[in-house]
Each structure stands twice: as C-alpha cells, then as structure tokens.
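Okay, so here's the structure we're looking at.
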Amino acid sequence: MSETIHVAAGTEWWRNAVVYQVYPRSFADANGDGTGDVEGIRSRIPYLTQLGVNAIWMNPWYPSPLLDGGYDVADYRSIAPMFGSLDDAKRLIADAHDAGIRVIVDLVPNHTSWDHKWFVEAVAATPGSAARDRYIFRDGKGENGELPPTNWSSVFGGPAWSRCEDGQWYLHLFDISQPDLNWTNPEVRAEFCDIFRFWVDLGADGFRVDVSHGLIKDPDFPDVDLASEILTVGHIENHPHWDRDEVHEINREWRAVLDAKEVELGRELMMVAEAWVKPESVPLYLRPDEYHQSFNFDFLGCPWDITQMRSSINRALVDAASVGSSATWVLSNHDVVRHATRYGLPEGTDYQEWLMHGSAELCDHTLGVKRARAITMMLLALPGSTYIYQGEELGLHEVHDLPHEVLDDPVWRRSEHTRKGRDGCRVPIPWTTTGASFGFGSDGSWLPQPSDWGAQSVEAQDGVAGSVLELYRSALPLRAASWVDSGDLNWLELDPHAIAFERNGYVCITNFGDSDIQLPDGDLLLASDDSASVAMIAANTTVWIKRP
Ligand code: GLC
C-alpha cells in the first residue's frame, strides 16, 4: 500500500536549498591567529561551489566577548575585529553571490551581550528607568529582595536571574552575560526591524533567528514547576517564557519588514526559526505571514529506528505543506554531538554523560560514518531543504577528549564542570593532511585538533573515490538534477526494514535492517556505500534509483 504526501508548490530558492552552516571561528583562518575569519571563509568559496551548496549560514560574527561563542552580541551592525570588518563581510557576500551562493546571517534577538551599550547603560541607570526597561529587571523576593524574582533556570544551568549592585535582578535565560531583552518595549522592536534592514541592505538573503520561541515572557512572572533542560525546552503547556502566543506578533512584524524589502530590492529573502517547540506549535511559526521555514530538530535526537524516522519525516512534510512552507532536514549543528558519532554510539547513550566519563571505544566510528552517509542521502532525497554543518561532509566525529582547560562553552562553566557542552563539534576544520593546524591556518587553532585529523581532511579525501567528501560532491548535483523538482512523495512498502519512497520516477531506499535487500529494477544512480552491489542493498546503506 502506498501513500502520497503532498508538497506545497513554490519556486523560491529556500524551499529546496542545501544550506551549509559555517561556524566562523572554526572554518578557515586567513590571518594565522588561530581563529577563523571572514577572509578565510571567502577564500573557501570555490570549495563550497564545488560541493554544490546553494547558501551559507554564518553563525554569529558580530563583536562579542565570546562568552557563548558569539551568541552574546555586543553590536549587531558590525563584525568582530577577530573575524574581520564589515568590508570583508561585503566582499564575502559579493563573492558568494557571484558564485550563485546565498548568504544567511544569524540574528540573536532574545538577548544581547552584557557588553552591549544598552546593557551597560541599563546597569548604570536606576531601577524603573527607560534604560532598564529595554531588559527585564525586577526586584527580588524575600524580606530584602535577596531571592530571585522567579525560580526559572538558565538553559546552561544555574538560576536565570543575576543581581546587580543596587539589588535589582536581571533575567538571562542563557549565560549570565546574555541579558534577555524586553520584547514588549517598542524601542527594542524598532531596533530589530532596523537590524534586519541593515543586513539586507548589506546583501544578506536570509536570517536564522536564534531562540525565536523565547522572546515573550509571562507578564505575571510565575514560578515554573519544571527546571528547564538544556536546549530541549518548549514542550510545556503555557510555559512562562517559551513558545508564548505573543511571539507570533513579532514574527509577523519581521515578515512584513522582509516582504517590503523583497519588493524594494527585487530579491527573494527568507527567515528560518530556531524554535524548540512542541510539534503541534511548529506550523504556527510557518504561517504565510510568519517564518519561511523552521528548523526541524527531530533528526538531532532520532535514534536509528525506522518507525521513528518515518513518522518524523511524515510529520515534517505534512506540517510544512499544511501552511505552504517547505520541510527542513538537519542532522548536526554547532549545538549537538556530531551525527557520525551519535550513530556510532550504542542506542540510548547519554551523550553528555559519554563526553564526561565514556570511553572512546564505546563509539563504533566505522558504523557511525556508514549510517551518517546513508541517512544524509535519505534526507537529501526528501522534499525540502537540507542544512549541512561544516565538517559533516568530511565525516568528522565529535572530539570527545578535549582537555578540560580548553573547554569554552558556558555549559561547562555554568554546570560547574559536570557537563562538557558543545566544544567537541566546534573544533577547527582540517583542510590538509599535515601542517600546524591541518591547513586551518598557518599556525595553531583555538581548540586543539586531534592528531589524526589530517586523515579526514579535505586534501585526504579530495578525488578519492568512496570518501565522504566525494559522496557529498556526487550527491548534491545529482539531487539538484533529480529530486529537487520532483514534487510529491509516495511511500513505498518494499521491505519491512527499509524506508523507501518515490518522487517522479526517482526512488530512494534506505536499509535499516541487518541483512541485504533486493535492489528493485532501474538505474542505480548513487549508493551511500560501495557495498551496495549491483543486485543488493546492504545494511545501513541508501540507494537512489531511476525507474526504467
Ligand atoms: C541557540 C544557539 C546556541 C546558543 C543559544 C543562546 O540555541 O544555537 O548556540 O548558545 O541559542 O543564544
């Protein structure tokens, strides 16, 4: 029995884009100071072109004390000197456009850095002042206000409130250095509309909006029953600060800004939400006057399980189509353990626990990479757009054994060294097989790279048949030529251990079982692994076939 899933029509570039996520600090270091930079990224545009991506998303590149990897923004209209200058950014955008690559910038509206001039002003001002009203300052509870205003927790651990010298408390849902803005303040609203316009005028084609589900807080500031969990928030009904109805007004305001700019400039623009919300809420963010897309984070936590994967795919496609949007597929990003590692660890592993205390041997790297290749090809064949995190095209693993003294993530600090956090997926990219930082720069790298990093480098994989890099290089253009314009999806029931679907004569089959599956008739276009013989699909393998 087959079942058809409808795909919403539309020709906008973002609907089917392959978006490559660049973590600027760790991508390429042109000036040899150990930290990646904008010029480094620009120098790698030929690499990205050859890979076949349609857009790049730049993680925050603004001036910042980097207490949360740049998500603590001190100035939204500038580039951190360690990364370069606004002129460098303009050159990068221009070169990317010349190569047919769109540029998405990361906007962080929930909070600023404590170095932002507004917060500096707020701390120096008095309680009740206009400067304090841009943020969320409150008096404390207890006889002398010595207790925080609510019991809310920071996502990174510890309380979500810190106290100023004059006794008032300010809210920070993340690090102490990231005070939350007050989104009921008209000045805050106007400022961000203007920041959107600023980056569009500079050439940006889209925005990835950070913590888009957190902007509005319950005005009564009630206590919450459950402690927030790291980055898996938003699943609680009527939560005092996640996924509140009023965020949709803000979404609509921004969409109107982008729609007006689109008309003015004649360029298609988009915004994609980072919204960790319950599944029923996702389509609300995707209504035609809100976000163009929202990240679908299901696959960041989805085990190697055919039932869960298929139902995630179904739901994402149906939800997106119900509001005229397109689905998104994400396997890794700068916040999670890399998926080549996740798929190599035994099912049910607590990743943070493994990072702290687990042995390297627990991870079967070969299996992890094999499954990573298979699932990547499966997601690339689906309707919608795919977000690739830098280094996954090399099959990079999580660096699980970074020395404690180099750990930089606020999760490590705020959990009092009980959780390592996210540094292991942010280790600088190896470009060459040898050299001080494997071609990342001319000297060291801000996080140490493993000694065997060279074997996984671009140089080591370039032109090597069967390498992960060459698989991506084959799959992306083939996807553009086949799947992208193939519309609706029909589920195929070929084998109980396979996820199989067809779109316009193209068939994708992934073998989740332990034994081989018979290859159906047709031309074999690509296999995730060369163990797919002419007649059989091996375990943990995906094939693309063109029907005769
Ligand atoms: C988002 C970012 C994450 C950051 C947090 C606070 O979840 O992806 O890296 O720490 O927001 O801005």
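By order of appearance in the structure tokens: chains A, B, ..., then residues from 1 within every chain, and ligands from 1 in the order shown.
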Near ligand 1, 6 Å: chain A residue rows, closest pairs, only C-alpha atoms and all ligand atoms, as CSV:
```
residue,atom,partner,partner_atom_place_in_ligand_line,distance
A:Asp68,CA,ligand 1,10 (O),5.7
A:Tyr71,CA,ligand 1,12 (O),4.5
A:Phe174,CA,ligand 1,6 (C),5.9
A:Asp210,CA,ligand 1,1 (C),5.4
A:Val211,CA,ligand 1,11 (O),5.4
A:Asp335,CA,ligand 1,9 (O),5.5
```
Name all residues at most 8 Å from Ile45 in chain A (count only C-alpha atoms; drop same-chain ones fewer than 6 positions away) and give them as a PDB file with N, CA, C and O atoms, in the first residue's frame.
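Result file is around.pdb:
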```pdb
ATOM      1  N   ASP A  95      31.211  37.909  -3.314  1.00  0.00           N
ATOM      2  CA  ASP A  95      31.840  36.738  -3.947  1.00  0.00           C
ATOM      3  C   ASP A  95      30.905  35.529  -3.922  1.00  0.00           C
ATOM      4  O   ASP A  95      30.833  34.760  -4.876  1.00  0.00           O
ATOM      5  N   ALA A  96      30.206  35.377  -2.785  1.00  0.00           N
ATOM      6  CA  ALA A  96      29.264  34.253  -2.687  1.00  0.00           C
ATOM      7  C   ALA A  96      28.184  34.432  -3.758  1.00  0.00           C
ATOM      8  O   ALA A  96      27.862  33.480  -4.491  1.00  0.00           O
ATOM      9  N   ALA A  99      29.175  33.473  -7.049  1.00  0.00           N
ATOM     10  CA  ALA A  99      29.259  32.011  -7.208  1.00  0.00           C
ATOM     11  C   ALA A  99      27.877  31.360  -7.155  1.00  0.00           C
ATOM     12  O   ALA A  99      27.779  30.126  -7.127  1.00  0.00           O
TER      13      ALA A  99
END
```
(request) Compile the contact shell of Phe295 in chain A as a PyMOL selection string: residues with an atom at most 10 Å away, counting only C-alpha atoms, same-chain residues fewer than 2 positions apart removed. (result) chain A and resi 208+272-276+282+293+297-298+316+327-330+385-387
Output the selection as an mmCIF file, in the first residue's frame - N, CA, C and O atoms for each residue.
```
data_model
loop_
_atom_site.group_PDB
_atom_site.id
_atom_site.type_symbol
_atom_site.label_atom_id
_atom_site.label_comp_id
_atom_site.auth_asym_id
_atom_site.auth_seq_id
_atom_site.Cartn_x
_atom_site.Cartn_y
_atom_site.Cartn_z
ATOM 1 N N ARG A 208 18.775 33.481 10.108
ATOM 2 C CA ARG A 208 18.489 32.374 11.002
ATOM 3 C C ARG A 208 18.233 33.066 12.344
ATOM 4 O O ARG A 208 19.083 33.806 12.841
ATOM 5 N N VAL A 272 14.514 31.795 8.882
ATOM 6 C CA VAL A 272 14.309 30.439 9.388
ATOM 7 C C VAL A 272 14.415 30.493 10.918
ATOM 8 O O VAL A 272 15.340 31.088 11.469
ATOM 9 N N ALA A 273 13.428 29.877 11.569
ATOM 10 C CA ALA A 273 13.346 29.978 13.028
ATOM 11 C C ALA A 273 14.082 28.845 13.723
ATOM 12 O O ALA A 273 13.945 27.682 13.331
ATOM 13 N N GLU A 274 14.835 29.221 14.747
ATOM 14 C CA GLU A 274 15.271 28.205 15.704
ATOM 15 C C GLU A 274 14.204 28.191 16.792
ATOM 16 O O GLU A 274 14.190 29.055 17.669
ATOM 17 N N ALA A 275 13.270 27.286 16.692
ATOM 18 C CA ALA A 275 12.156 27.254 17.646
ATOM 19 C C ALA A 275 12.059 25.851 18.227
ATOM 20 O O ALA A 275 11.606 24.927 17.552
ATOM 21 N N TRP A 276 12.488 25.708 19.458
ATOM 22 C CA TRP A 276 12.397 24.405 20.131
ATOM 23 C C TRP A 276 11.022 24.340 20.779
ATOM 24 O O TRP A 276 10.857 24.682 21.949
ATOM 25 N N VAL A 282 4.808 23.937 15.712
ATOM 26 C CA VAL A 282 5.714 24.291 14.608
ATOM 27 C C VAL A 282 4.986 24.969 13.439
ATOM 28 O O VAL A 282 5.407 26.040 12.986
ATOM 29 N N GLN A 293 10.639 29.300 7.042
ATOM 30 C CA GLN A 293 10.978 27.933 7.444
ATOM 31 C C GLN A 293 11.275 27.894 8.938
ATOM 32 O O GLN A 293 11.558 28.923 9.552
ATOM 33 N N PHE A 297 14.193 19.777 14.214
ATOM 34 C CA PHE A 297 15.290 19.219 15.011
ATOM 35 C C PHE A 297 15.114 17.738 15.337
ATOM 36 O O PHE A 297 15.915 17.176 16.085
ATOM 37 N N ASP A 298 14.075 17.123 14.778
ATOM 38 C CA ASP A 298 13.821 15.717 15.121
ATOM 39 C C ASP A 298 15.042 14.825 14.920
ATOM 40 O O ASP A 298 15.319 13.935 15.709
ATOM 41 N N ALA A 316 6.934 16.158 9.449
ATOM 42 C CA ALA A 316 7.571 17.384 8.965
ATOM 43 C C ALA A 316 7.007 17.787 7.609
ATOM 44 O O ALA A 316 6.741 18.966 7.350
ATOM 45 N N ALA A 327 9.701 21.633 4.197
ATOM 46 C CA ALA A 327 10.330 20.988 5.350
ATOM 47 C C ALA A 327 11.829 21.282 5.369
ATOM 48 O O ALA A 327 12.423 21.636 4.349
ATOM 49 N N THR A 328 12.430 21.125 6.548
ATOM 50 C CA THR A 328 13.886 21.267 6.656
ATOM 51 C C THR A 328 14.444 20.007 7.310
ATOM 52 O O THR A 328 13.776 19.374 8.131
ATOM 53 N N TRP A 329 15.668 19.668 6.938
ATOM 54 C CA TRP A 329 16.317 18.444 7.456
ATOM 55 C C TRP A 329 17.672 18.834 8.024
ATOM 56 O O TRP A 329 18.470 19.490 7.349
ATOM 57 N N VAL A 330 17.901 18.454 9.260
ATOM 58 C CA VAL A 330 19.130 18.838 9.960
ATOM 59 C C VAL A 330 19.647 17.621 10.722
ATOM 60 O O VAL A 330 18.913 17.043 11.521
ATOM 61 N N SER A 385 14.460 21.537 2.288
ATOM 62 C CA SER A 385 15.858 21.946 2.232
ATOM 63 C C SER A 385 16.663 21.257 3.331
ATOM 64 O O SER A 385 16.133 20.868 4.361
ATOM 65 N N THR A 386 17.946 21.107 3.056
ATOM 66 C CA THR A 386 18.832 20.385 3.968
ATOM 67 C C THR A 386 19.889 21.339 4.487
ATOM 68 O O THR A 386 20.499 22.080 3.706
ATOM 69 N N TYR A 387 20.086 21.329 5.780
ATOM 70 C CA TYR A 387 21.121 22.150 6.400
ATOM 71 C C TYR A 387 22.294 21.240 6.767
ATOM 72 O O TYR A 387 22.127 20.268 7.499
#
```
(request) Mind checking which residues fall within 10 Å of Phe221 in chain A, counting only C-alpha atoms, ignoring those fewer than 5 positions away in the same chain, and posting them as a ChimeraX atom specification? (result) /A:138,149-152,240-241
Output N, CA, C and O atoms of each residue in that selection to a file, as a JSON list (two decimals), in the first residue's frame.
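To be explicit, this is the file written out as result-v9.json:
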```json
[["chain", "number", "residue", "atom", "x", "y", "z"],
["A", 138, "ARG", "N", 13.90, 43.15, 37.64],
["A", 138, "ARG", "CA", 12.83, 43.02, 38.64],
["A", 138, "ARG", "C", 13.44, 43.06, 40.03],
["A", 138, "ARG", "O", 14.61, 42.70, 40.22],
["A", 149, "PRO", "N", 13.49, 36.76, 41.50],
["A", 149, "PRO", "CA", 12.07, 37.03, 41.29],
["A", 149, "PRO", "C", 11.25, 35.78, 40.95],
["A", 149, "PRO", "O", 10.06, 35.73, 41.24],
["A", 150, "THR", "N", 11.86, 34.81, 40.28],
["A", 150, "THR", "CA", 11.17, 33.55, 39.99],
["A", 150, "THR", "C", 12.19, 32.41, 40.16],
["A", 150, "THR", "O", 13.38, 32.66, 40.31],
["A", 151, "ASN", "N", 11.69, 31.19, 40.04],
["A", 151, "ASN", "CA", 12.59, 30.04, 40.17],
["A", 151, "ASN", "C", 13.13, 29.58, 38.81],
["A", 151, "ASN", "O", 13.62, 28.47, 38.68],
["A", 152, "TRP", "N", 13.03, 30.43, 37.78],
["A", 152, "TRP", "CA", 13.43, 29.99, 36.44],
["A", 152, "TRP", "C", 14.92, 29.64, 36.38],
["A", 152, "TRP", "O", 15.76, 30.29, 36.98],
["A", 240, "PRO", "N", 5.98, 29.88, 31.12],
["A", 240, "PRO", "CA", 6.10, 31.33, 31.30],
["A", 240, "PRO", "C", 7.08, 32.04, 30.36],
["A", 240, "PRO", "O", 7.01, 33.26, 30.21],
["A", 241, "HIS", "N", 7.96, 31.30, 29.70],
["A", 241, "HIS", "CA", 8.84, 32.02, 28.77],
["A", 241, "HIS", "C", 9.15, 31.31, 27.47],
["A", 241, "HIS", "O", 9.87, 31.85, 26.63]]
```
Each range 287-332 of chain A residue no farther than 8 Å from range 246-266 of chain A, nearest pair in Å, only C-alpha atoms, as JSON lines:
```
{"residue": "A:Asp289", "atom": "CA", "partner": "A:Arg252", "partner_atom": "CA", "distance": 5.7}
{"residue": "A:Glu290", "atom": "CA", "partner": "A:Arg252", "partner_atom": "CA", "distance": 5.0}
{"residue": "A:Tyr291", "atom": "CA", "partner": "A:Asn251", "partner_atom": "CA", "distance": 6.7}
```
Next, write the just-selected residues to a file, as a PDB file, in the first residue's frame, keeping C-alpha atoms as the atom set.
```
ATOM      1  CA  ASP A 289       2.899  35.840   7.234  1.00  0.00           C
ATOM      2  CA  GLU A 290       5.473  34.449   9.690  1.00  0.00           C
ATOM      3  CA  TYR A 291       8.686  32.457   9.142  1.00  0.00           C
TER       4      TYR A 291
END
```
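Take the candidates A:Ala8, A:Ile93, A:Leu66, A:Met82 and check each one against Thr35 in chain A using only C-alpha atoms; the shortest distance goes to A:Met82.
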Considering only C-alpha atoms, give me a table of residues in range 312-393 of chain A that are at most 12 Å from range 509-520 of chain A, with the closest atom pair and distance in Å for each, as a Markdown table.
```
| residue | atom | partner | partner_atom | distance |
| --- | --- | --- | --- | --- |
| A:Lys370 | CA | A:Phe512 | CA | 11.5 |
| A:Arg371 | CA | A:Phe512 | CA | 9.0 |
| A:Ala372 | CA | A:Thr510 | CA | 11.6 |
| A:Arg373 | CA | A:Thr510 | CA | 10.5 |
| A:Ala374 | CA | A:Thr510 | CA | 6.8 |
| A:Ile375 | CA | A:Thr510 | CA | 7.6 |
| A:Thr376 | CA | A:Thr510 | CA | 10.3 |
| A:Met377 | CA | A:Thr510 | CA | 8.6 |
| A:Met378 | CA | A:Thr510 | CA | 6.7 |
| A:Leu379 | CA | A:Thr510 | CA | 10.3 |
| A:Ala381 | CA | A:Ile509 | CA | 9.8 |
| A:Leu382 | CA | A:Ile509 | CA | 11.4 |
```
(message) Taking the DSSP secondary structure from the backbone, can you list the residues of range 457-548 of chain A that are helix (DSSP H, G or I), as a PyMOL selection string?
(response) chain A and resi 458-461+468-481
List as CSV every residue of range 69-170 of chain A that is in contact with range 9-33 of chain A, defined as an atom at most 10 Å from one of its atoms (using only C-alpha atoms), together with the nearest atom pair and the distance in Å rounded to one decimal, sorted by chain and then rising number.
```
residue,atom,partner,partner_atom,distance
A:Gly69,CA,A:Arg25,CA,8.5
A:Gly70,CA,A:Arg25,CA,9.2
A:Met82,CA,A:Asp33,CA,8.6
A:Phe83,CA,A:Pro24,CA,7.5
A:Gly84,CA,A:Asn31,CA,9.7
A:Ile101,CA,A:Val19,CA,9.2
A:Arg102,CA,A:Val19,CA,8.7
A:Val103,CA,A:Val19,CA,9.0
A:Ile104,CA,A:Val19,CA,8.8
```
(message) Env of range 108-112 of chain A: 7 Å cut, atoms = only C-alpha atoms, seq-sep filter 5 positions within chain, self excluded. Answer as a PyMOL selection string.
(response) chain A and resi 71-74+178-181+209-211+214-215
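With only C-alpha atoms as the atoms that count, the residue of A:Asn54, A:Ala130, A:Asp106, A:Lys420 with the shortest distance to Met271 in chain A is A:Asp106.
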Set the distance at 12 Å and use only C-alpha atoms: which residues neighbour Ser281 in chain A once local chain neighbours fewer than 5 positions away are removed? I'd like the list as an mmCIF file with C-alpha atoms, in the first residue's frame.
```cif
data_model
loop_
_atom_site.group_PDB
_atom_site.id
_atom_site.type_symbol
_atom_site.label_atom_id
_atom_site.label_comp_id
_atom_site.auth_asym_id
_atom_site.auth_seq_id
_atom_site.Cartn_x
_atom_site.Cartn_y
_atom_site.Cartn_z
ATOM 1 C CA HIS A 213 10.366 30.930 20.725
ATOM 2 C CA GLY A 234 9.294 24.402 24.992
ATOM 3 C CA HIS A 235 7.316 21.245 25.499
ATOM 4 C CA ILE A 236 5.402 22.507 28.486
ATOM 5 C CA GLU A 237 1.899 23.970 28.068
ATOM 6 C CA ASN A 238 1.609 27.660 28.833
ATOM 7 C CA TRP A 242 8.835 29.505 25.932
ATOM 8 C CA ASP A 243 6.535 29.497 22.924
ATOM 9 C CA ARG A 244 4.065 32.107 24.125
ATOM 10 C CA ASP A 245 1.350 33.241 21.718
ATOM 11 C CA VAL A 247 5.814 35.802 19.736
ATOM 12 C CA HIS A 248 3.728 35.410 16.598
ATOM 13 C CA ALA A 275 12.156 27.254 17.646
ATOM 14 C CA TRP A 276 12.397 24.405 20.131
ATOM 15 C CA LEU A 286 5.339 28.789 9.437
ATOM 16 C CA ARG A 287 2.096 30.525 8.571
ATOM 17 C CA SER A 294 11.687 26.483 10.854
ATOM 18 C CA ASN A 296 13.157 20.519 12.157
ATOM 19 C CA ALA A 316 7.571 17.384 8.965
ATOM 20 C CA ASP A 319 3.122 20.189 8.766
ATOM 21 C CA ALA A 320 5.135 22.233 6.295
#
```
(request) Please provide as a PyMOL selection string all residues within 6 Å of range 486-491 of chain A, with the sequence filter that same-chain residues fewer than 4 positions apart are discarded (counting only C-alpha atoms). (result) chain A and resi 2-7+501-504
Produce a file of the selected residues containing N, CA and C atoms, as a PDB file, in the first residue's frame.
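As a result, selection_37.pdb now contains:
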```
ATOM      1  N   SER A   2       0.640   2.119  -0.923  1.00  0.00           N
ATOM      2  CA  SER A   2       1.460   3.332  -0.903  1.00  0.00           C
ATOM      3  C   SER A   2       0.594   4.531  -0.545  1.00  0.00           C
ATOM      4  N   GLU A   3       1.260   5.562  -0.111  1.00  0.00           N
ATOM      5  CA  GLU A   3       0.546   6.710   0.418  1.00  0.00           C
ATOM      6  C   GLU A   3       1.293   7.935  -0.118  1.00  0.00           C
ATOM      7  N   THR A   4       0.542   8.934  -0.567  1.00  0.00           N
ATOM      8  CA  THR A   4       1.203  10.100  -1.160  1.00  0.00           C
ATOM      9  C   THR A   4       1.224  11.264  -0.177  1.00  0.00           C
ATOM     10  N   ILE A   5       2.370  11.909  -0.091  1.00  0.00           N
ATOM     11  CA  ILE A   5       2.475  13.107   0.744  1.00  0.00           C
ATOM     12  C   ILE A   5       2.637  14.293  -0.193  1.00  0.00           C
ATOM     13  N   HIS A   6       1.757  15.251   0.015  1.00  0.00           N
ATOM     14  CA  HIS A   6       1.741  16.416  -0.866  1.00  0.00           C
ATOM     15  C   HIS A   6       2.850  17.407  -0.460  1.00  0.00           C
ATOM     16  N   VAL A   7       3.430  18.051  -1.462  1.00  0.00           N
ATOM     17  CA  VAL A   7       4.460  19.068  -1.210  1.00  0.00           C
ATOM     18  C   VAL A   7       3.918  20.410  -1.688  1.00  0.00           C
ATOM     19  N   PHE A 501      10.869   5.516  -0.745  1.00  0.00           N
ATOM     20  CA  PHE A 501       9.876   6.418  -1.330  1.00  0.00           C
ATOM     21  C   PHE A 501      10.255   6.734  -2.763  1.00  0.00           C
ATOM     22  N   GLU A 502       9.248   7.208  -3.472  1.00  0.00           N
ATOM     23  CA  GLU A 502       9.441   7.545  -4.887  1.00  0.00           C
ATOM     24  C   GLU A 502       8.947   8.950  -5.125  1.00  0.00           C
ATOM     25  N   ARG A 503       9.666   9.675  -5.939  1.00  0.00           N
ATOM     26  CA  ARG A 503       9.207  11.000  -6.351  1.00  0.00           C
ATOM     27  C   ARG A 503       9.470  11.111  -7.845  1.00  0.00           C
ATOM     28  N   ASN A 504       8.415  11.155  -8.589  1.00  0.00           N
ATOM     29  CA  ASN A 504       8.513  11.381 -10.031  1.00  0.00           C
ATOM     30  C   ASN A 504       9.494  10.440 -10.731  1.00  0.00           C
TER      31      ASN A 504
END
```
(request) Pull the strand (DSSP E) assignments for range 196-341 of chain A out of DSSP run on the backbone, and list those residues as a ChimeraX atom specification. (result) /A:206-209,270-273,293-294,328-330
Writer output for current selection, N, CA, C and O atoms, as an mmCIF file, in the first residue's frame:
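Listed below is the output, part20.cif:
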```cif
data_model
loop_
_atom_site.group_PDB
_atom_site.id
_atom_site.type_symbol
_atom_site.label_atom_id
_atom_site.label_comp_id
_atom_site.auth_asym_id
_atom_site.auth_seq_id
_atom_site.Cartn_x
_atom_site.Cartn_y
_atom_site.Cartn_z
ATOM 1 N N GLY A 206 19.008 36.111 3.854
ATOM 2 C CA GLY A 206 18.140 35.451 4.815
ATOM 3 C C GLY A 206 18.683 35.579 6.222
ATOM 4 O O GLY A 206 19.807 36.049 6.455
ATOM 5 N N PHE A 207 17.859 35.140 7.158
ATOM 6 C CA PHE A 207 18.187 35.221 8.571
ATOM 7 C C PHE A 207 17.856 33.918 9.266
ATOM 8 O O PHE A 207 16.787 33.358 9.045
ATOM 9 N N ARG A 208 18.775 33.481 10.108
ATOM 10 C CA ARG A 208 18.489 32.374 11.002
ATOM 11 C C ARG A 208 18.233 33.066 12.344
ATOM 12 O O ARG A 208 19.083 33.806 12.841
ATOM 13 N N VAL A 209 17.045 32.884 12.893
ATOM 14 C CA VAL A 209 16.687 33.648 14.084
ATOM 15 C C VAL A 209 16.817 32.769 15.329
ATOM 16 O O VAL A 209 16.133 31.751 15.468
ATOM 17 N N MET A 270 14.488 35.419 3.104
ATOM 18 C CA MET A 270 13.843 34.411 3.956
ATOM 19 C C MET A 270 14.307 34.534 5.395
ATOM 20 O O MET A 270 15.339 35.143 5.675
ATOM 21 N N MET A 271 13.512 33.970 6.296
ATOM 22 C CA MET A 271 13.997 33.790 7.670
ATOM 23 C C MET A 271 13.601 32.403 8.148
ATOM 24 O O MET A 271 12.533 31.900 7.833
ATOM 25 N N VAL A 272 14.514 31.795 8.882
ATOM 26 C CA VAL A 272 14.309 30.439 9.388
ATOM 27 C C VAL A 272 14.415 30.493 10.918
ATOM 28 O O VAL A 272 15.340 31.088 11.469
ATOM 29 N N ALA A 273 13.428 29.877 11.569
ATOM 30 C CA ALA A 273 13.346 29.978 13.028
ATOM 31 C C ALA A 273 14.082 28.845 13.723
ATOM 32 O O ALA A 273 13.945 27.682 13.331
ATOM 33 N N GLN A 293 10.639 29.300 7.042
ATOM 34 C CA GLN A 293 10.978 27.933 7.444
ATOM 35 C C GLN A 293 11.275 27.894 8.938
ATOM 36 O O GLN A 293 11.558 28.923 9.552
ATOM 37 N N SER A 294 11.248 26.673 9.476
ATOM 38 C CA SER A 294 11.687 26.483 10.854
ATOM 39 C C SER A 294 12.552 25.229 10.861
ATOM 40 O O SER A 294 12.260 24.272 10.144
ATOM 41 N N THR A 328 12.430 21.125 6.548
ATOM 42 C CA THR A 328 13.886 21.267 6.656
ATOM 43 C C THR A 328 14.444 20.007 7.310
ATOM 44 O O THR A 328 13.776 19.374 8.131
ATOM 45 N N TRP A 329 15.668 19.668 6.938
ATOM 46 C CA TRP A 329 16.317 18.444 7.456
ATOM 47 C C TRP A 329 17.672 18.834 8.024
ATOM 48 O O TRP A 329 18.470 19.490 7.349
ATOM 49 N N VAL A 330 17.901 18.454 9.260
ATOM 50 C CA VAL A 330 19.130 18.838 9.960
ATOM 51 C C VAL A 330 19.647 17.621 10.722
ATOM 52 O O VAL A 330 18.913 17.043 11.521
#
```
(request) Return the single residue from A:Asp37, A:Glu353, A:Asp115, A:Glu146 that is closest to Ile79 in chain A, with distances computed using only C-alpha atoms. (result) A:Asp37
(message) Under the rule that only C-alpha atoms are counted, which of A:Asp495, A:Asp166, A:Asp462, A:Asp521 is the nearest residue to Ala122 in chain A?
(response) A:Asp166
